[in-house]
Amino acid sequence: MVVYTLVFQFLGDDLAWRVMFWTGALPALLVLWVRRRVQDAPKATEQLDTSAQKGSFAAIFAPGLRRVTLFAVLLSTGVQGGYYTLATWVPTYLKTERGLTVVGTAAISRS
């Protein structure tokens with residue numbers, strides 16, 4: 001939220017969203033770097049190599065887990081949809097109907 005407020009305060013709307021897009025890509029680049037550079041612990045690697053039981057995608061739909069899996073999918077879909085709705089439409093509403101600036105909508109969203 002701080003980066004959003006600063007970027008939109010000092011840059012125009014047409015450039016600020018691009019800066020925010022690339023700012024959002026930085027954690028993904030960090031993850032790629034960490035995955036290449038960090039080695040698993042030897043004990044964990046040994047345990048993975050010797051484990052006879054391997055997980056599968058189909059296993060989460062087994063009769064004992066099917067209900068939990070479906071409820072988890074519904075819950076996560078609802079949470080994502082709710083967040084998307086709030087993150088997209090509330091700032092737009094505050095800007096168009098209430099006349100707040102982009103920086104003003106960021107301040108309202110935090111409280």
# chains A, B, ... in the order shown; residues from 1 in each chain; ligands from 1
>>> select_by_dssp(residues="region 3-110 of chain A", states="alpha helix (DSSP H)", output="ChimeraX atom specification")
/A:3-10,13-37,42-50,66-96,102-110
>>> residues_around(residues="region 23-28 of chain A", least_positions_apart="6", cutoff="10 Å", atoms="only C-alpha atoms", output="ChimeraX atom specification")
/A:3-4,17,34
>>> atom_distance(atom1="CA of Leu32 (chain A)", atom2="CA of Leu48 (chain A)")
21.7 Å
>>> residues_around(residues="Thr101 (chain A)", least_positions_apart="6", cutoff="12 Å", atoms="only C-alpha atoms", output="PyMOL selection string")
chain A and resi 5+8-9+12-13+91-95+107-108
>>> write_last_selection(atoms="N, CA, C and O atoms", output="short mmCIF file (atom, residue, chain, number, x, y, z; two decimals), in the first residue's frame")
data_model
loop_
_atom_site.label_atom_id
_atom_site.label_comp_id
_atom_site.auth_asym_id
_atom_site.auth_seq_id
_atom_site.Cartn_x
_atom_site.Cartn_y
_atom_site.Cartn_z
N THR A 5 0.78 4.12 -2.92
CA THR A 5 0.53 5.53 -2.63
C THR A 5 1.65 6.40 -3.18
O THR A 5 1.40 7.43 -3.81
N PHE A 8 1.70 6.34 -7.24
CA PHE A 8 0.61 7.10 -7.85
C PHE A 8 0.64 8.59 -7.48
O PHE A 8 0.06 9.41 -8.17
N GLN A 9 1.33 8.93 -6.41
CA GLN A 9 1.44 10.34 -6.03
C GLN A 9 2.45 11.06 -6.91
O GLN A 9 2.25 12.21 -7.28
N GLY A 12 2.24 9.83 -13.18
CA GLY A 12 0.90 9.90 -13.76
C GLY A 12 0.26 8.51 -13.78
O GLY A 12 0.95 7.49 -13.74
N ASP A 13 -1.07 8.49 -13.87
CA ASP A 13 -1.79 7.22 -13.86
C ASP A 13 -1.36 6.29 -14.99
O ASP A 13 -1.31 5.08 -14.82
N PRO A 91 -11.90 1.07 -4.91
CA PRO A 91 -11.15 2.28 -5.29
C PRO A 91 -11.78 3.02 -6.47
O PRO A 91 -11.79 4.25 -6.50
N THR A 92 -12.34 2.27 -7.43
CA THR A 92 -13.00 2.91 -8.57
C THR A 92 -14.22 3.70 -8.09
O THR A 92 -14.45 4.83 -8.52
N TYR A 93 -14.99 3.10 -7.20
CA TYR A 93 -16.16 3.78 -6.64
C TYR A 93 -15.74 5.05 -5.89
O TYR A 93 -16.33 6.12 -6.05
N LEU A 94 -14.70 4.93 -5.07
CA LEU A 94 -14.25 6.08 -4.29
C LEU A 94 -13.74 7.20 -5.20
O LEU A 94 -13.91 8.38 -4.89
N LYS A 95 -13.13 6.83 -6.31
CA LYS A 95 -12.61 7.84 -7.22
C LYS A 95 -13.72 8.50 -8.02
O LYS A 95 -13.76 9.73 -8.15
N ALA A 107 -5.54 5.68 0.87
CA ALA A 107 -5.65 6.00 2.30
C ALA A 107 -6.95 5.45 2.89
O ALA A 107 -6.97 4.95 4.00
N ILE A 108 -8.04 5.51 2.14
CA ILE A 108 -9.33 5.01 2.63
C ILE A 108 -9.30 3.50 2.70
O ILE A 108 -9.81 2.89 3.64
#
>>> residues_around(residues="Phe61 (chain A)", least_positions_apart="6", cutoff="12 Å", atoms="only C-alpha atoms", output="list in words")
Gly55, Arg67, Val68, Thr69, Leu70, Phe71, Ala72 and Val73 of chain A
>>> write_last_selection(atoms="all heavy atoms", output="mmCIF file, in the first residue's frame")
data_model
loop_
_atom_site.group_PDB
_atom_site.id
_atom_site.type_symbol
_atom_site.label_atom_id
_atom_site.label_comp_id
_atom_site.auth_asym_id
_atom_site.auth_seq_id
_atom_site.Cartn_x
_atom_site.Cartn_y
_atom_site.Cartn_z
ATOM 1 N N GLY A 55 2.868 -38.692 -3.284
ATOM 2 C CA GLY A 55 1.570 -38.043 -3.381
ATOM 3 C C GLY A 55 1.148 -37.891 -4.829
ATOM 4 O O GLY A 55 1.969 -37.943 -5.744
ATOM 5 N N ARG A 67 -14.745 -34.468 0.068
ATOM 6 C CA ARG A 67 -15.586 -33.411 0.648
ATOM 7 C C ARG A 67 -14.728 -32.225 1.110
ATOM 8 O O ARG A 67 -15.043 -31.066 0.831
ATOM 9 C CB ARG A 67 -16.393 -33.988 1.810
ATOM 10 C CG ARG A 67 -17.359 -33.012 2.419
ATOM 11 C CD ARG A 67 -18.276 -33.738 3.427
ATOM 12 N NE ARG A 67 -19.319 -32.871 3.896
ATOM 13 C CZ ARG A 67 -19.309 -32.266 5.075
ATOM 14 N NH1 ARG A 67 -18.316 -32.461 5.914
ATOM 15 N NH2 ARG A 67 -20.298 -31.477 5.422
ATOM 16 N N VAL A 68 -13.649 -32.513 1.806
ATOM 17 C CA VAL A 68 -12.757 -31.452 2.280
ATOM 18 C C VAL A 68 -12.144 -30.702 1.097
ATOM 19 O O VAL A 68 -12.050 -29.473 1.116
ATOM 20 C CB VAL A 68 -11.651 -32.046 3.186
ATOM 21 C CG1 VAL A 68 -10.617 -31.004 3.536
ATOM 22 C CG2 VAL A 68 -12.260 -32.642 4.429
ATOM 23 N N THR A 69 -11.745 -31.425 0.075
ATOM 24 C CA THR A 69 -11.144 -30.801 -1.101
ATOM 25 C C THR A 69 -12.128 -29.861 -1.787
ATOM 26 O O THR A 69 -11.783 -28.722 -2.132
ATOM 27 C CB THR A 69 -10.664 -31.868 -2.094
ATOM 28 O OG1 THR A 69 -9.692 -32.684 -1.457
ATOM 29 C CG2 THR A 69 -10.066 -31.245 -3.343
ATOM 30 N N LEU A 70 -13.358 -30.304 -1.970
ATOM 31 C CA LEU A 70 -14.352 -29.469 -2.635
ATOM 32 C C LEU A 70 -14.698 -28.227 -1.810
ATOM 33 O O LEU A 70 -14.826 -27.125 -2.359
ATOM 34 C CB LEU A 70 -15.603 -30.276 -2.946
ATOM 35 C CG LEU A 70 -15.405 -31.372 -4.000
ATOM 36 C CD1 LEU A 70 -16.676 -32.180 -4.191
ATOM 37 C CD2 LEU A 70 -14.942 -30.786 -5.317
ATOM 38 N N PHE A 71 -14.819 -28.382 -0.495
ATOM 39 C CA PHE A 71 -15.072 -27.216 0.353
ATOM 40 C C PHE A 71 -13.886 -26.245 0.337
ATOM 41 O O PHE A 71 -14.078 -25.024 0.344
ATOM 42 C CB PHE A 71 -15.404 -27.629 1.785
ATOM 43 C CG PHE A 71 -16.838 -28.025 1.972
ATOM 44 C CD1 PHE A 71 -17.163 -29.274 2.450
ATOM 45 C CD2 PHE A 71 -17.865 -27.149 1.666
ATOM 46 C CE1 PHE A 71 -18.487 -29.653 2.615
ATOM 47 C CE2 PHE A 71 -19.194 -27.501 1.829
ATOM 48 C CZ PHE A 71 -19.499 -28.763 2.308
ATOM 49 N N ALA A 72 -12.687 -26.762 0.308
ATOM 50 C CA ALA A 72 -11.508 -25.896 0.245
ATOM 51 C C ALA A 72 -11.462 -25.134 -1.078
ATOM 52 O O ALA A 72 -11.119 -23.942 -1.106
ATOM 53 C CB ALA A 72 -10.234 -26.715 0.423
ATOM 54 N N VAL A 73 -11.827 -25.782 -2.163
ATOM 55 C CA VAL A 73 -11.872 -25.122 -3.468
ATOM 56 C C VAL A 73 -12.931 -24.022 -3.459
ATOM 57 O O VAL A 73 -12.689 -22.903 -3.927
ATOM 58 C CB VAL A 73 -12.138 -26.146 -4.591
ATOM 59 C CG1 VAL A 73 -12.504 -25.458 -5.892
ATOM 60 C CG2 VAL A 73 -10.930 -27.036 -4.789
#
>>> decode(residues="region 32-70 of chain A", atoms="N, CA and C atoms", output="compact mmCIF listing (two decimals), in the first residue's frame")
# COMPACT_ATOMS: atom_id res chain seq x y z
N LEU A 32 12.44 -17.16 -7.99
CA LEU A 32 13.27 -17.89 -8.96
C LEU A 32 14.73 -17.93 -8.53
N TRP A 33 15.22 -16.81 -8.02
CA TRP A 33 16.61 -16.76 -7.55
C TRP A 33 16.81 -17.71 -6.37
N VAL A 34 15.89 -17.69 -5.41
CA VAL A 34 16.00 -18.55 -4.23
C VAL A 34 15.96 -20.01 -4.63
N ARG A 35 15.06 -20.37 -5.54
CA ARG A 35 14.95 -21.78 -5.97
C ARG A 35 16.23 -22.26 -6.64
N ARG A 36 16.93 -21.40 -7.33
CA ARG A 36 18.18 -21.80 -7.99
C ARG A 36 19.35 -21.89 -7.00
N ARG A 37 19.39 -20.99 -6.03
CA ARG A 37 20.56 -20.86 -5.17
C ARG A 37 20.50 -21.68 -3.89
N VAL A 38 19.32 -21.91 -3.35
CA VAL A 38 19.21 -22.57 -2.05
C VAL A 38 19.08 -24.08 -2.25
N GLN A 39 19.91 -24.81 -1.55
CA GLN A 39 19.88 -26.28 -1.63
C GLN A 39 19.04 -26.82 -0.48
N ASP A 40 18.33 -27.92 -0.74
CA ASP A 40 17.57 -28.57 0.32
C ASP A 40 18.53 -29.16 1.35
N ALA A 41 18.02 -29.31 2.55
CA ALA A 41 18.82 -29.94 3.60
C ALA A 41 19.08 -31.39 3.20
N PRO A 42 20.28 -31.90 3.50
CA PRO A 42 20.60 -33.28 3.11
C PRO A 42 19.62 -34.31 3.68
N LYS A 43 19.17 -34.10 4.91
CA LYS A 43 18.25 -35.05 5.52
C LYS A 43 16.91 -35.06 4.78
N ALA A 44 16.44 -33.89 4.38
CA ALA A 44 15.18 -33.82 3.63
C ALA A 44 15.31 -34.47 2.27
N THR A 45 16.42 -34.24 1.60
CA THR A 45 16.65 -34.86 0.29
C THR A 45 16.70 -36.38 0.42
N GLU A 46 17.38 -36.86 1.46
CA GLU A 46 17.47 -38.30 1.69
C GLU A 46 16.09 -38.89 1.96
N GLN A 47 15.29 -38.20 2.74
CA GLN A 47 13.95 -38.70 3.06
C GLN A 47 13.07 -38.74 1.81
N LEU A 48 13.18 -37.74 0.95
CA LEU A 48 12.41 -37.75 -0.29
C LEU A 48 12.83 -38.90 -1.20
N ASP A 49 14.12 -39.19 -1.25
CA ASP A 49 14.62 -40.26 -2.10
C ASP A 49 14.20 -41.63 -1.61
N THR A 50 14.13 -41.81 -0.29
CA THR A 50 13.84 -43.13 0.26
C THR A 50 12.36 -43.36 0.52
N SER A 51 11.52 -42.33 0.42
CA SER A 51 10.10 -42.47 0.71
C SER A 51 9.43 -43.31 -0.36
N ALA A 52 8.70 -44.32 0.08
CA ALA A 52 8.00 -45.20 -0.85
C ALA A 52 6.65 -44.60 -1.26
N GLN A 53 6.08 -43.78 -0.40
CA GLN A 53 4.77 -43.21 -0.66
C GLN A 53 4.93 -41.87 -1.39
N LYS A 54 4.36 -41.80 -2.56
CA LYS A 54 4.40 -40.57 -3.34
C LYS A 54 2.99 -39.99 -3.41
N GLY A 55 2.87 -38.69 -3.28
CA GLY A 55 1.57 -38.04 -3.38
C GLY A 55 1.15 -37.89 -4.83
N SER A 56 -0.13 -37.74 -5.04
CA SER A 56 -0.64 -37.51 -6.39
C SER A 56 -1.82 -36.55 -6.33
N PHE A 57 -2.10 -35.93 -7.44
CA PHE A 57 -3.22 -35.01 -7.52
C PHE A 57 -4.53 -35.76 -7.31
N ALA A 58 -4.62 -36.95 -7.84
CA ALA A 58 -5.85 -37.75 -7.71
C ALA A 58 -6.13 -38.12 -6.25
N ALA A 59 -5.10 -38.18 -5.42
CA ALA A 59 -5.28 -38.60 -4.03
C ALA A 59 -6.16 -37.62 -3.24
N ILE A 60 -6.16 -36.35 -3.60
CA ILE A 60 -6.99 -35.40 -2.85
C ILE A 60 -8.47 -35.55 -3.19
N PHE A 61 -8.78 -36.32 -4.23
CA PHE A 61 -10.17 -36.59 -4.58
C PHE A 61 -10.60 -38.00 -4.18
N ALA A 62 -9.80 -38.65 -3.36
CA ALA A 62 -10.18 -39.96 -2.84
C ALA A 62 -11.42 -39.80 -1.97
N PRO A 63 -12.23 -40.85 -1.79
CA PRO A 63 -13.48 -40.72 -1.02
C PRO A 63 -13.31 -40.08 0.36
N GLY A 64 -12.22 -40.33 1.05
CA GLY A 64 -12.04 -39.76 2.38
C GLY A 64 -11.73 -38.28 2.38
N LEU A 65 -11.20 -37.75 1.27
CA LEU A 65 -10.80 -36.34 1.21
C LEU A 65 -11.62 -35.51 0.23
N ARG A 66 -12.49 -36.14 -0.52
CA ARG A 66 -13.23 -35.43 -1.58
C ARG A 66 -14.03 -34.25 -1.03
N ARG A 67 -14.75 -34.47 0.07
CA ARG A 67 -15.59 -33.41 0.65
C ARG A 67 -14.73 -32.23 1.11
N VAL A 68 -13.65 -32.51 1.81
CA VAL A 68 -12.76 -31.45 2.28
C VAL A 68 -12.14 -30.70 1.10
N THR A 69 -11.74 -31.43 0.07
CA THR A 69 -11.14 -30.80 -1.10
C THR A 69 -12.13 -29.86 -1.79
N LEU A 70 -13.36 -30.30 -1.97
CA LEU A 70 -14.35 -29.47 -2.64
C LEU A 70 -14.70 -28.23 -1.81
